[in-house]
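File shown here: coords_35.cif, holding mmCIF, C-alpha atoms.
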data_target
loop_
_atom_site.label_atom_id
_atom_site.label_comp_id
_atom_site.auth_asym_id
_atom_site.auth_seq_id
_atom_site.Cartn_x
_atom_site.Cartn_y
_atom_site.Cartn_z
CA MET A 1 0.00 0.00 0.00
CA MET A 2 1.22 3.50 -0.65
CA VAL A 3 0.07 7.08 -0.29
CA GLY A 4 -0.29 9.34 -3.32
CA THR A 5 -2.11 12.47 -4.40
CA VAL A 6 -4.85 12.27 -7.01
CA VAL A 7 -3.79 14.48 -9.89
CA GLY A 8 -6.45 13.57 -12.44
CA THR A 9 -9.04 11.23 -13.86
CA VAL A 10 -8.74 9.15 -17.01
CA TRP A 11 -11.52 7.82 -19.24
CA SER A 12 -11.36 4.95 -21.67
CA THR A 13 -14.09 3.55 -23.91
CA VAL A 14 -12.27 0.72 -25.61
CA LYS A 15 -11.01 -1.37 -22.73
CA ASP A 16 -11.03 -4.82 -21.24
CA GLU A 17 -14.64 -5.82 -20.61
CA THR A 18 -13.89 -6.62 -16.97
CA LEU A 19 -13.15 -2.92 -16.49
CA SER A 20 -16.45 -1.48 -17.73
CA GLY A 21 -18.02 1.10 -15.46
CA LEU A 22 -14.94 1.59 -13.31
CA ARG A 23 -13.53 5.02 -12.49
CA PHE A 24 -9.82 5.51 -13.02
CA VAL A 25 -7.73 8.13 -11.28
CA ILE A 26 -4.14 9.13 -11.83
CA VAL A 27 -2.14 9.11 -8.61
CA GLN A 28 1.16 10.87 -7.99
CA PRO A 29 3.29 9.11 -5.36
CA PHE A 30 6.00 10.89 -3.39
CA THR A 31 9.10 9.81 -1.56
CA LEU A 32 9.69 10.82 2.07
CA SER A 33 12.21 13.36 0.90
CA GLY A 34 9.46 15.11 -1.03
CA GLU A 35 10.41 14.02 -4.54
CA SER A 36 7.65 12.91 -6.83
CA ALA A 37 7.83 9.42 -8.29
CA GLU A 38 6.19 7.96 -11.40
CA THR A 39 2.44 8.43 -11.59
CA LEU A 40 0.16 5.43 -11.73
CA VAL A 41 -3.45 4.67 -12.63
CA ALA A 42 -5.75 3.18 -9.98
CA VAL A 43 -9.39 2.13 -9.93
CA ASP A 44 -11.33 4.36 -7.55
CA GLY A 45 -14.56 3.28 -5.90
CA LEU A 46 -14.53 5.93 -3.17
CA GLY A 47 -14.94 9.06 -5.27
CA ALA A 48 -11.55 10.61 -4.57
CA GLY A 49 -11.18 14.10 -6.00
CA ILE A 50 -8.20 15.91 -7.45
CA GLY A 51 -5.81 16.98 -4.71
CA GLU A 52 -6.98 14.34 -2.25
CA ARG A 53 -4.43 11.91 -0.91
CA VAL A 54 -5.33 8.29 -1.22
CA LEU A 55 -4.11 4.87 -0.11
CA VAL A 56 -3.44 2.70 -3.16
CA VAL A 57 -3.33 -1.09 -2.93
CA PHE A 58 -2.03 -3.57 -5.45
CA GLY A 59 -2.60 -7.12 -6.64
CA ARG A 60 -5.10 -9.28 -4.82
CA ALA A 61 -6.04 -6.46 -2.45
CA ALA A 62 -6.83 -4.26 -5.46
CA ARG A 63 -8.91 -6.94 -7.18
CA HIS A 64 -10.80 -7.38 -3.93
CA ARG A 65 -11.46 -3.62 -3.87
CA ILE A 66 -12.72 -3.71 -7.45
CA GLY A 67 -15.11 -6.45 -6.31
CA ARG A 68 -15.41 -8.41 -9.54
CA GLY A 69 -13.60 -11.53 -8.52
CA HIS A 70 -9.98 -12.27 -9.20
CA ASP A 71 -10.18 -12.45 -13.00
CA VAL A 72 -10.22 -8.72 -13.49
CA GLY A 73 -7.76 -6.92 -15.73
CA PHE A 74 -6.33 -4.46 -13.26
CA GLN A 75 -3.97 -4.48 -10.32
CA SER A 76 -4.14 -1.17 -8.47
CA ALA A 77 -7.05 0.40 -6.61
CA VAL A 78 -7.83 3.11 -4.09
CA ALA A 79 -8.49 1.59 -0.65
CA GLY A 80 -8.90 4.76 1.39
CA ILE A 81 -8.84 8.55 1.37
CA VAL A 82 -6.33 10.01 3.81
CA ASP A 83 -7.66 12.43 6.44
CA ARG A 84 -4.49 13.03 8.33
CA MET A 85 -0.84 12.05 8.44
CA GLU A 86 1.67 12.32 11.24
CA LEU A 87 5.23 11.94 10.06
CA ALA A 88 8.53 12.29 11.81
CA ASP A 89 11.13 14.99 11.39
CA GLY A 90 9.16 17.29 9.15
CA ARG A 91 8.88 14.75 6.40
CA THR A 92 5.90 14.77 4.10
CA ILE A 93 4.33 12.63 1.44
CA GLY A 94 3.05 15.14 -1.07
CA PRO A 95 1.38 18.43 -0.21
CA VAL A 96 1.03 19.10 3.51
CA ARG A 97 -2.47 19.62 4.84
CA ALA A 98 -3.56 21.73 7.78
CA GLN A 99 -4.67 18.63 9.66
CA ASP A 100 -1.28 16.97 9.31
CA THR A 101 1.14 17.17 12.17
CA GLN A 102 4.81 16.51 12.03
CA GLY A 103 7.72 15.71 14.24
CA ALA A 104 7.24 17.07 17.71
CA GLN A 105 3.81 15.60 18.38
CA LEU A 106 4.84 12.17 17.25
CA PRO A 107 5.52 9.96 20.27
CA ARG A 108 8.87 8.27 20.02
CA THR A 109 9.60 4.89 21.42
CA MET B 1 9.93 -8.89 3.22
CA PHE B 2 12.13 -6.01 4.18
CA LEU B 3 13.52 -4.16 7.16
CA GLY B 4 12.11 -0.70 7.62
CA ARG B 5 11.65 2.10 10.08
CA VAL B 6 8.28 3.42 11.18
CA MET B 7 8.11 7.03 10.03
CA GLY B 8 4.57 7.91 10.93
CA GLU B 9 0.92 7.10 10.87
CA VAL B 10 -1.95 7.69 8.45
CA TRP B 11 -5.66 8.05 9.22
CA SER B 12 -8.51 7.54 6.81
CA THR B 13 -12.28 7.71 7.33
CA ARG B 14 -13.53 6.94 3.83
CA LYS B 15 -11.90 3.58 3.23
CA ALA B 16 -12.46 -0.07 2.42
CA ASP B 17 -14.60 -1.76 5.08
CA ASP B 18 -11.92 -4.31 5.89
CA LEU B 19 -9.47 -1.56 6.81
CA ALA B 20 -11.79 -0.50 9.65
CA GLY B 21 -9.99 -0.56 12.98
CA LYS B 22 -6.63 -1.29 11.37
CA ARG B 23 -3.67 0.86 12.31
CA LEU B 24 -1.81 2.13 9.24
CA LEU B 25 1.86 3.02 9.57
CA VAL B 26 4.19 4.65 7.07
CA VAL B 27 7.39 2.59 6.83
CA GLU B 28 10.56 3.57 5.02
CA ALA B 29 13.00 0.86 3.97
CA LEU B 30 16.25 0.91 5.94
CA ASP B 31 18.23 0.02 2.88
CA GLU B 32 18.85 3.40 1.35
CA ARG B 33 19.67 3.53 -2.33
CA ARG B 34 22.71 5.64 -2.90
CA ASP B 35 22.64 5.41 -6.66
CA PRO B 36 20.82 8.55 -7.83
CA SER B 37 19.72 6.83 -11.02
CA ALA B 38 17.95 4.08 -9.07
CA PRO B 39 14.14 4.28 -9.03
CA LYS B 40 12.77 6.53 -6.33
CA VAL B 41 11.50 4.56 -3.38
CA THR B 42 8.15 5.55 -2.01
CA PRO B 43 7.37 4.61 1.59
CA VAL B 44 5.10 1.64 2.20
CA VAL B 45 1.90 1.95 4.19
CA CYS B 46 1.47 -1.20 6.31
CA VAL B 47 -1.22 -2.57 8.55
CA ASP B 48 0.22 -2.84 12.07
CA PRO B 49 -1.23 -5.61 14.24
CA LEU B 50 1.68 -5.45 16.71
CA GLY B 51 1.65 -1.88 17.99
CA ALA B 52 4.95 -0.62 16.58
CA GLY B 53 5.95 2.92 17.49
CA ALA B 54 7.49 5.76 15.52
CA GLY B 55 11.21 5.26 14.95
CA GLN B 56 11.13 1.51 15.62
CA ARG B 57 12.66 -0.85 13.13
CA VAL B 58 10.22 -3.42 11.83
CA ILE B 59 9.96 -6.39 9.50
CA VAL B 60 7.37 -5.89 6.76
CA ALA B 61 5.76 -8.74 4.84
CA PHE B 62 3.60 -8.67 1.75
CA GLY B 63 0.82 -10.74 0.23
CA LYS B 64 -0.37 -13.89 1.94
CA ALA B 65 2.13 -13.47 4.76
CA ALA B 66 0.67 -10.05 5.49
CA ARG B 67 -2.91 -11.31 5.40
CA VAL B 68 -2.13 -14.21 7.73
CA ALA B 69 -0.37 -11.86 10.14
CA CYS B 70 -3.60 -9.86 10.30
CA GLY B 71 -5.79 -12.77 11.16
CA GLY B 72 -6.65 -14.69 8.03
CA ASP B 73 -6.06 -15.38 4.38
CA GLY B 74 -9.31 -13.99 3.05
CA ASP B 75 -9.82 -10.97 0.85
CA PHE B 76 -8.42 -7.87 2.46
CA ALA B 77 -7.87 -4.45 0.95
CA PHE B 78 -4.22 -4.36 1.97
CA GLU B 79 -1.12 -6.25 0.96
CA ALA B 80 1.54 -5.16 3.43
CA ALA B 81 1.75 -5.71 7.18
CA ILE B 82 4.24 -5.43 9.99
CA VAL B 83 5.06 -8.95 11.13
CA GLY B 84 7.87 -8.21 13.57
CA ILE B 85 9.41 -5.47 15.68
CA VAL B 86 13.19 -5.67 15.52
CA ASP B 87 14.99 -6.03 18.87
CA ASP B 88 18.48 -6.03 17.42
CA PHE B 89 20.43 -7.07 14.36
CA ASP B 90 23.95 -8.13 13.55
CA VAL B 91 24.88 -6.86 10.11
CA PRO B 92 28.58 -5.93 10.06
CA GLN B 93 28.21 -4.17 6.68
CA ALA B 94 25.18 -2.15 7.72
CA PRO B 95 25.48 1.61 7.22
CA ALA B 96 25.41 3.77 10.35
CA SER B 97 21.90 4.92 9.50
CA TRP B 98 20.59 1.47 10.39
CA ARG B 99 21.87 1.95 13.93
CA ALA B 100 20.97 5.60 14.30
CA GLU B 101 18.18 6.21 16.76
CA TRP B 102 16.45 8.29 14.15
CA PRO B 103 17.10 8.85 10.45
CA GLY B 104 19.51 11.67 9.85
CA ASP B 105 21.09 11.33 13.29
CA ALA B 106 24.82 10.88 13.36
CA GLY B 107 25.21 9.29 16.74
CA GLY B 108 21.78 8.83 18.11
CA ARG B 109 19.40 11.16 19.78
CA PRO B 110 18.76 11.57 23.49
#

Give the structure from the file, written as structure tokens.
Amino acid sequence: MMVGTVVGTVWSTVKDETLSGLRFVIVQPFTLSGESAETLVAVDGLGAGIGERVLVVFGRAARHRIGRGHDVGFQSAVAGIVDRMELADGRTIGPVRAQDTQGAQLPRT
Amino acid sequence: MFLGRVMGEVWSTRKADDLAGKRLLVVEALDERRDPSAPKVTPVVCVDPLGAGAGQRVIVAFGKAARVACGGDGDFAFEAAIVGIVDDFDVPQAPASWRAEWPGDAGGRP
């Protein structure tokens, strides 16, 4: 599973029949040093909008999210929309939101 | 499976039903890639059934191993889970960052 920011939606008419009716979003992942990584396409059943951060799952977990059995022609899907992140040492994954807290509040063990 | 360090936590309200009640931690692999041309490594978000804390080193498993660690091998909307909290390791070649109390620390933090 990884966190990324939704940067767009993509439509396709001619596609694998197991994919009909699904919504596809384009997700931009980030590293913990703030660099962006390669974008990816994920099936979205939660209605994530542009700018929202999402949890993306792959493989069996994604097919389970799509809910059409395991013979479906896709392997990444949105499993959750992120409300809040707490990361150590001022690190971020993508754009920082007001509700995110960093560093000091994070209990260390 | 890989060794990583817990870097933080993520909360989500609108999510897959089977993620309800699961703690989601952001884990960064310990093994840093020094080659700038290597693919950028994004942190992994893992289900945490063990109660790992920020800064702790953990063992992360994927796929069936992750599902079993979280109580079954059914259909779950996740594929990565923390299966162990590292007490110690003996890796003579390990870079100092593996030992550092916190990433970026030279000699540990109070």

What lies within 7 Å of B:Phe78 using all atoms listed in the file, ignoring chain neighbours under 6 positions off, as a PyMOL selection string? chain A and resi 1+57+61

Could you write out as a PyMOL selection string the residues that the PyMOL selection byres ((chain B) within 10 of (chain A)) matches in the shown file? chain B and resi 6-19+24-28+39-47+52-56+62-64+67+74-81+101-104

One decimal, Å: what's the distance from atom CA of B:Asp87 over to atom CA of B:Val58, could you say?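 Distance reported for this atom pair: 8.9 Å.
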
If I take atom CA of B:Ala29 and atom CA of A:Gln75, how far is one from the other in Å, to one decimal?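 Those two atoms sit 22.8 Å apart.
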
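Distance-wise, atom CA of A:Thr18 and atom CA of A:Val72 end up 5.5 Å apart.
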
Since the input lacks atoms, please generate N, CA and C atoms for stretch 20-54 of chain B and provide them as an mmCIF file, in the frame of the given file.
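This went into result_39.cif:
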data_model
loop_
_atom_site.group_PDB
_atom_site.id
_atom_site.type_symbol
_atom_site.label_atom_id
_atom_site.label_comp_id
_atom_site.auth_asym_id
_atom_site.auth_seq_id
_atom_site.Cartn_x
_atom_site.Cartn_y
_atom_site.Cartn_z
ATOM 1 N N ALA B 20 -11.246 -1.094 8.428
ATOM 2 C CA ALA B 20 -11.790 -0.500 9.650
ATOM 3 C C ALA B 20 -11.058 -1.044 10.869
ATOM 4 N N GLY B 21 -10.655 -0.151 11.742
ATOM 5 C CA GLY B 21 -9.990 -0.560 12.980
ATOM 6 C C GLY B 21 -8.546 -0.972 12.806
ATOM 7 N N LYS B 22 -8.033 -0.902 11.583
ATOM 8 C CA LYS B 22 -6.630 -1.290 11.370
ATOM 9 C C LYS B 22 -5.739 -0.050 11.472
ATOM 10 N N ARG B 23 -4.623 -0.220 12.153
ATOM 11 C CA ARG B 23 -3.670 0.860 12.310
ATOM 12 C C ARG B 23 -2.762 0.872 11.078
ATOM 13 N N LEU B 24 -2.600 2.032 10.470
ATOM 14 C CA LEU B 24 -1.810 2.130 9.240
ATOM 15 C C LEU B 24 -0.556 2.959 9.495
ATOM 16 N N LEU B 25 0.597 2.335 9.322
ATOM 17 C CA LEU B 25 1.860 3.020 9.570
ATOM 18 C C LEU B 25 2.621 3.236 8.262
ATOM 19 N N VAL B 26 3.327 4.347 8.213
ATOM 20 C CA VAL B 26 4.190 4.650 7.070
ATOM 21 C C VAL B 26 5.583 4.114 7.392
ATOM 22 N N VAL B 27 6.094 3.220 6.565
ATOM 23 C CA VAL B 27 7.390 2.590 6.830
ATOM 24 C C VAL B 27 8.341 2.876 5.672
ATOM 25 N N GLU B 28 9.536 3.316 6.029
ATOM 26 C CA GLU B 28 10.560 3.570 5.020
ATOM 27 C C GLU B 28 11.608 2.461 5.105
ATOM 28 N N ALA B 29 11.999 1.930 3.969
ATOM 29 C CA ALA B 29 13.000 0.860 3.970
ATOM 30 C C ALA B 29 14.313 1.376 4.563
ATOM 31 N N LEU B 30 14.967 0.530 5.363
ATOM 32 C CA LEU B 30 16.250 0.910 5.940
ATOM 33 C C LEU B 30 17.326 1.003 4.871
ATOM 34 N N ASP B 31 17.192 0.132 3.893
ATOM 35 C CA ASP B 31 18.230 0.020 2.880
ATOM 36 C C ASP B 31 18.155 1.200 1.928
ATOM 37 N N GLU B 32 18.910 2.227 2.201
ATOM 38 C CA GLU B 32 18.850 3.400 1.350
ATOM 39 C C GLU B 32 19.559 3.135 0.035
ATOM 40 N N ARG B 33 19.047 3.725 -1.018
ATOM 41 C CA ARG B 33 19.670 3.530 -2.330
ATOM 42 C C ARG B 33 20.537 4.752 -2.616
ATOM 43 N N ARG B 34 21.805 4.516 -2.709
ATOM 44 C CA ARG B 34 22.710 5.640 -2.900
ATOM 45 C C ARG B 34 22.849 6.036 -4.363
ATOM 46 N N ASP B 35 22.511 5.117 -5.244
ATOM 47 C CA ASP B 35 22.640 5.410 -6.660
ATOM 48 C C ASP B 35 21.522 6.361 -7.088
ATOM 49 N N PRO B 36 21.868 7.583 -7.502
ATOM 50 C CA PRO B 36 20.820 8.550 -7.830
ATOM 51 C C PRO B 36 19.968 8.135 -9.022
ATOM 52 N N SER B 37 20.499 7.234 -9.857
ATOM 53 C CA SER B 37 19.720 6.830 -11.020
ATOM 54 C C SER B 37 18.743 5.701 -10.689
ATOM 55 N N ALA B 38 18.858 5.166 -9.467
ATOM 56 C CA ALA B 38 17.950 4.080 -9.070
ATOM 57 C C ALA B 38 16.527 4.643 -8.947
ATOM 58 N N PRO B 39 15.520 3.785 -9.145
ATOM 59 C CA PRO B 39 14.140 4.280 -9.030
ATOM 60 C C PRO B 39 13.886 4.865 -7.651
ATOM 61 N N LYS B 40 13.086 5.907 -7.620
ATOM 62 C CA LYS B 40 12.770 6.530 -6.330
ATOM 63 C C LYS B 40 11.904 5.588 -5.515
ATOM 64 N N VAL B 41 12.223 5.494 -4.239
ATOM 65 C CA VAL B 41 11.500 4.560 -3.380
ATOM 66 C C VAL B 41 10.455 5.306 -2.585
ATOM 67 N N THR B 42 9.209 4.930 -2.792
ATOM 68 C CA THR B 42 8.150 5.550 -2.010
ATOM 69 C C THR B 42 7.937 4.717 -0.747
ATOM 70 N N PRO B 43 7.576 5.372 0.348
ATOM 71 C CA PRO B 43 7.370 4.610 1.590
ATOM 72 C C PRO B 43 6.166 3.680 1.452
ATOM 73 N N VAL B 44 6.181 2.628 2.241
ATOM 74 C CA VAL B 44 5.100 1.640 2.200
ATOM 75 C C VAL B 44 4.162 1.888 3.381
ATOM 76 N N VAL B 45 2.880 1.852 3.109
ATOM 77 C CA VAL B 45 1.900 1.950 4.190
ATOM 78 C C VAL B 45 1.489 0.531 4.566
ATOM 79 N N CYS B 46 1.686 0.180 5.854
ATOM 80 C CA CYS B 46 1.470 -1.200 6.310
ATOM 81 C C CYS B 46 0.391 -1.217 7.388
ATOM 82 N N VAL B 47 -0.347 -2.311 7.412
ATOM 83 C CA VAL B 47 -1.220 -2.570 8.550
ATOM 84 C C VAL B 47 -0.324 -3.021 9.709
ATOM 85 N N ASP B 48 -0.620 -2.507 10.907
ATOM 86 C CA ASP B 48 0.220 -2.840 12.070
ATOM 87 C C ASP B 48 -0.590 -3.554 13.133
ATOM 88 N N PRO B 49 -0.506 -4.890 13.185
ATOM 89 C CA PRO B 49 -1.230 -5.610 14.240
ATOM 90 C C PRO B 49 -0.437 -5.698 15.542
ATOM 91 N N LEU B 50 0.797 -5.210 15.568
ATOM 92 C CA LEU B 50 1.680 -5.450 16.710
ATOM 93 C C LEU B 50 1.855 -4.243 17.626
ATOM 94 N N GLY B 51 1.491 -3.069 17.159
ATOM 95 C CA GLY B 51 1.650 -1.880 17.990
ATOM 96 C C GLY B 51 3.042 -1.291 17.930
ATOM 97 N N ALA B 52 3.623 -1.222 16.740
ATOM 98 C CA ALA B 52 4.950 -0.620 16.580
ATOM 99 C C ALA B 52 4.852 0.899 16.762
ATOM 100 N N GLY B 53 5.936 1.480 17.257
ATOM 101 C CA GLY B 53 5.950 2.920 17.490
ATOM 102 C C GLY B 53 6.861 3.635 16.509
ATOM 103 N N ALA B 54 6.687 4.957 16.433
ATOM 104 C CA ALA B 54 7.490 5.760 15.520
ATOM 105 C C ALA B 54 8.976 5.578 15.823
#
